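**Student:** Below you'll find the structure I mean.
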Amino acid sequence: MKEKKFITTPIYYVNDVPHIGHAYTTIIADCLARLYRLQGYDVFFMTGTDEHGQKIEEAAKSRGYSPKKYADEVSDKFRNLWDEFDISYDAYSRTTSDEHIKTVQKAFEIMYAKGDIYKGEYEGNYCVSCESFFPETQLVDGEFCPDCGKPTRILKEESYFFKLSRYQDKLLKWYESDDNCILPKSKKNEVINFVKSGLKDLSITRTGFDWGIKLPKSLNETKHIMYVWLDALLIYPSTLGLLRDEENMAYWENTIHLVGKDILRFHAIYWPAFLMSLDLSLPKNIAAHGWWTRDGKKMSKSLGNVIDPKEVANTYGLEEFRYFLLREVSFGQDGDFSQRALISRINGDLSDDLGNLLNRIIGMSKKYSNYEIESKNVMKFFSDEMNESKVLIKNALDVIDEMATNRYLEEIWKILNLANFSIAKYEPWNLIKNNQEDKALALVAMVTNLLARATILLSPVMPKTAQKIANALNFNIDEKSYENLVQNGKIIDFKASDCELLFKKIEEPLMSNPVATNIKEEKITNNISIDDFKNIIIKVGEILECENVEGSSKLLKFKVDLGEEKPRQIISGIAKYYNPNDLIGKQICVLVNLKPAKIFGHLSEGMILSAEDGSLTLLSVMNGVKNGAIVG
Ligand code: MSP
């Protein structure tokens with residue numbers, strides 16, 4: 001029997017329409033679900049909507065709707081978007097369903113019977129938007145929510161409490177015992193520190209409004225309703241029917257929760273404590289990704305800076321959008337959305353590296369062997385390349401265990417680069433000229449085998465594109481081909497056929513609305529002479545090393561070869577815009593006669609030049625030049 005896996009997204013609040021942040025979480029989850037299915041797992045993938053709570057009640061009221069009617073409408077919007085995006089969910093769960101309501105009441109009864117719930121009184125600063133209490137010390141300017149910045153209000157009410165404090169040690173033991181229980185590891189440390197600083201019991205019921213699940217009848221309490229986070233988190237087991245019947249227990253044993261970093265605390269602290277109280281096993285992974293920002297700011301309806309995922313997908317293509325989201329930022333880090341970055345991924349990675357490789361393979365096979373690609377001599381001539389591809393595949397699969405989709409795609413691209421590089425290195429057209437036809441045909445077969453492996457691995461990210469490639473080369477993408485080509489490194493024959501262009505290059509940003517350019521108007525009032533300009537020395541340099549500066553989310557530390565005796569160290573505040581690994585080997589422009597300075601305790605010997613228009617891009621040179629070349 002197949003091993004089972006349960007993959008979840010957060011359930012989305014229905015007070016907001018879907019935006020790029022929601023799409024990001026859902027697309028990561030979809031990609032994992034598809035990959036695991038390909039690997040032969042029996043996957044159950046759920047998403048859905050979170051529909052109770054004061055915030056929803058107020059949003060409905062302001063529109064003159066009943067909460068349920070309002071929830072129905074917005075929940076459908078999410079569901080329609082996921083359908084349009086071809087998200088491969090198995091269940092779309094809503095907290096207003098009867099099954100879920102029963103599960104929550106049952107859970108409350110179990111926890112109560114266990115002595116983990118007691119009645120008391122709560123007074124605190126409550127943020128309605130985040131549905132969360134915050135201690136005075138955490139409030140910004142004594143009043144505002146530290147998470148969303150909105151004003152909090154003082155709530156004093158009778159409440160039932162969950163004995164969270166009782167679980168502090170057990171939680172710490174769990175974090176310690178399971179390396180990957182919270183990903184990425186940097187976030188795990190934040191959670192551990194939070195728990196170590198002491199856990200207070202958690203208020204888990206509310207009074208004063210109605211839109212929520214009532215307490216179980218056995219408690220005979222009519223004015224209390226469930227705290228929305230207790231209600232919402234229980235959607236996960238309730239989707240599988242747990243606490244009602246246990247038929248899906250095998251999925252539960254292998255649960256992966258994908259969440260944004262904003263809700264990690266609820267998932268990594270409250271949730272496992274509730275589960276311990278319910279005697280249910282704990283998730284295998286709780287993986288928290290970063291935020292998508294726009295011009296460095298969190299996206300929200302009130303700021304009016306929300307990016308509509310549908311518009312991006314309609315304009316640039318859904319597959320391109322999926323690739324961009326999963327490739328552009330390191331898992332766990334924030335990323336700023338920019339059309340320029342998206343276009344550069346489409347033109348470079350997708351059109352040049354992937355699309356062009358397919359075209360070349362089709363063209364060569366047509367010319368040399370009437371579209372037949374025979375692999376019999378691949379190992380004779382190209383065993384090194386085939387062995388290297390095995391290492392790259394292993395690396396890709398290793399990093400996906402930590403949900404690092406960006407690194408997964410980086411490894412896949414190394415396979416494509418190996419294929420492209422091999423064509424340039426061995427020049428099949430010259431092999432043919434020099435009567436080495438066997439080797440030329442083996443080369444085409446080798447690169448086709450590499451492309452096929454990369455395509456199978458890429459299929460969870462870009463299912464339709466992968467299928468087009470598979471059709472053009474006449475191979476299948478399924479569990480069997482995954483096992484044969486990816487897992488066992490089998491080398492196969494192909495039969496190519498002509499195929500439409502996979503990706504068109506894009507010259508200009510295509511959307512005027514989502515990314516408003518933000519070019520600061522610099523009035524030029526101080527014209528300088530050419531002699532003044534001569535005082536400024538700018539040189540081209542190559543980035544040899546680049547890493548984050550510890551303790552800073554903004555700074556990167558570079559070692560740059562400027563054609564001098566030794567490389568210079570430069571600190572630059574561009575961490576938000578670039579992933580350090582992506583910069584290594586790039587040529588950039590550096591102001592070299594700026595007085596050295598210490599930034600964050602590190603010596604900085606120059607300034608890396610960049611251009612800003614709301615986003616930021618580093619200045620580079622059109623054609624490679626020698627390091628140290630003067631810019632003038
Ligand atoms: N309803 C709760 C979750 C309950 S799960 C038991 C909730 N919903 S939400 O609609 O506010 O958003 C949930 C998730 O959307 C976030 O955790 C994150 O996964 C995603 N994002 C929302 N805004 C985001 C960005 N700007 N960027 C990236 N993802 C963010 O919280």
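In the structure tokens, each chain is lettered A, B, ... as it comes, each chain's residues begin at 1, and ligands are numbered from 1 in order of appearance.
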Using only C-alpha atoms and all ligand atoms, what are the residues with an atom within 6 Å of ligand 1, set out as JSON, numbers by chain?
**Tutor:** {"A": [10, 11, 12, 13, 21, 22, 25, 50, 232, 233, 259, 260, 262, 263, 290, 291, 292, 293, 298, 299]}
**Student:** Which residues are near A:Thr617? Cut-off 10 Å, only C-alpha atoms, ignore same chain within fewer than 4 positions. Put them as a PyMOL selection string.
**Tutor:** chain A and resi 340-341+574+577-578+609-613
**Student:** Please write the residues from the selection above to a file, keeping C-alpha atoms, as a tab-separated table (two decimals), in the first residue's frame.
**Tutor:**
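result_31.tsv, written as the output of this step:
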chain	number	residue	atom	x	y	z
A	340	ARG	CA	11.13	43.37	-13.75
A	341	ALA	CA	12.23	40.35	-11.74
A	574	ILE	CA	20.19	45.17	-0.72
A	577	TYR	CA	16.15	42.44	-3.34
A	578	TYR	CA	18.63	39.67	-3.96
A	609	LEU	CA	25.80	51.01	-7.52
A	610	SER	CA	22.15	50.34	-8.15
A	611	ALA	CA	19.10	51.96	-9.70
A	612	GLU	CA	15.83	52.44	-7.88
A	613	ASP	CA	12.28	52.88	-9.10
**Student:** Excluding A:Tyr408 and its own-chain neighbours fewer than 6 positions away, which residues fall within 8 Å of it when counting only C-alpha atoms? Please give them as a compact mmCIF listing (two decimals) with C-alpha atoms, in the first residue's frame.
**Tutor:**
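This went into result-v2.txt:
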# COMPACT_ATOMS: atom_id res chain seq x y z
CA ASN A 395 20.61 17.62 -4.22
CA ALA A 396 17.24 18.80 -5.54
CA LEU A 397 15.38 16.10 -3.65
CA VAL A 399 16.45 20.44 -0.35
CA ILE A 400 12.77 19.82 -0.97
**Student:** Report as a PDB file with N, CA and C atoms, in the first residue's frame all protein, DNA and RNA residues lying within 9 Å of A:Leu139, evaluated on only C-alpha atoms, omitting residues in the same chain fewer than 4 positions from it.
**Tutor:**
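Dumped to out.pdb:
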ATOM      1  N   ASN A 125      -5.321  43.424  25.851  1.00  0.00           N
ATOM      2  CA  ASN A 125      -5.394  44.233  24.625  1.00  0.00           C
ATOM      3  C   ASN A 125      -5.610  43.292  23.459  1.00  0.00           C
ATOM      4  N   PHE A 134      -2.550  40.691  22.916  1.00  0.00           N
ATOM      5  CA  PHE A 134      -1.116  40.980  23.024  1.00  0.00           C
ATOM      6  C   PHE A 134      -0.831  41.584  24.393  1.00  0.00           C
ATOM      7  N   PRO A 135       0.261  41.160  25.051  1.00  0.00           N
ATOM      8  CA  PRO A 135       0.612  41.796  26.310  1.00  0.00           C
ATOM      9  C   PRO A 135       1.010  43.259  26.064  1.00  0.00           C
ATOM     10  N   GLU A 143      -0.377  51.015  22.135  1.00  0.00           N
ATOM     11  CA  GLU A 143      -1.765  50.872  21.680  1.00  0.00           C
ATOM     12  C   GLU A 143      -1.925  49.966  20.463  1.00  0.00           C
ATOM     13  N   PHE A 144      -0.898  49.986  19.572  1.00  0.00           N
ATOM     14  CA  PHE A 144      -1.121  49.357  18.268  1.00  0.00           C
ATOM     15  C   PHE A 144      -0.595  47.924  18.214  1.00  0.00           C
ATOM     16  N   CYS A 145      -1.265  47.113  17.399  1.00  0.00           N
ATOM     17  CA  CYS A 145      -0.934  45.700  17.272  1.00  0.00           C
ATOM     18  C   CYS A 145       0.474  45.526  16.686  1.00  0.00           C
ATOM     19  N   PRO A 146       1.329  44.708  17.312  1.00  0.00           N
ATOM     20  CA  PRO A 146       2.688  44.538  16.778  1.00  0.00           C
ATOM     21  C   PRO A 146       2.713  43.788  15.448  1.00  0.00           C
ATOM     22  N   GLY A 149      -0.360  46.473  13.053  1.00  0.00           N
ATOM     23  CA  GLY A 149      -0.268  47.922  13.206  1.00  0.00           C
ATOM     24  C   GLY A 149      -1.598  48.605  13.491  1.00  0.00           C
ATOM     25  N   THR A 152      -5.415  48.330  19.011  1.00  0.00           N
ATOM     26  CA  THR A 152      -6.009  47.201  19.745  1.00  0.00           C
ATOM     27  C   THR A 152      -7.123  47.771  20.632  1.00  0.00           C
TER      28      THR A 152
END
**Student:** Please report, as a ChimeraX atom specification, each residue of stretch 397-549 of chain A to which DSSP assigns helix (DSSP H, G or I) when run on this structure's backbone.
**Tutor:** /A:397-400,405-426,428-433,437-458,463-473,479-487,530-534
**Student:** Would you pick out the contacts of A:Cys546 at 8 Å or less, using only C-alpha atoms, so that residues sharing its chain but fewer than 6 positions from it are not included, and give the list as a tab-separated table (two decimals) with C-alpha atoms, in the first residue's frame?
**Tutor:**
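After the write, around_2.tsv holds the following:
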chain	number	residue	atom	x	y	z
A	556	LEU	CA	24.71	41.69	2.39
A	557	LYS	CA	28.48	41.25	2.68
A	558	PHE	CA	30.39	40.99	-0.59
A	559	LYS	CA	33.90	40.08	-1.68
A	580	PRO	CA	23.15	36.05	-2.13
A	581	ASN	CA	23.72	32.88	-4.18
A	583	LEU	CA	24.83	37.25	-7.24
A	584	ILE	CA	28.00	35.20	-7.19
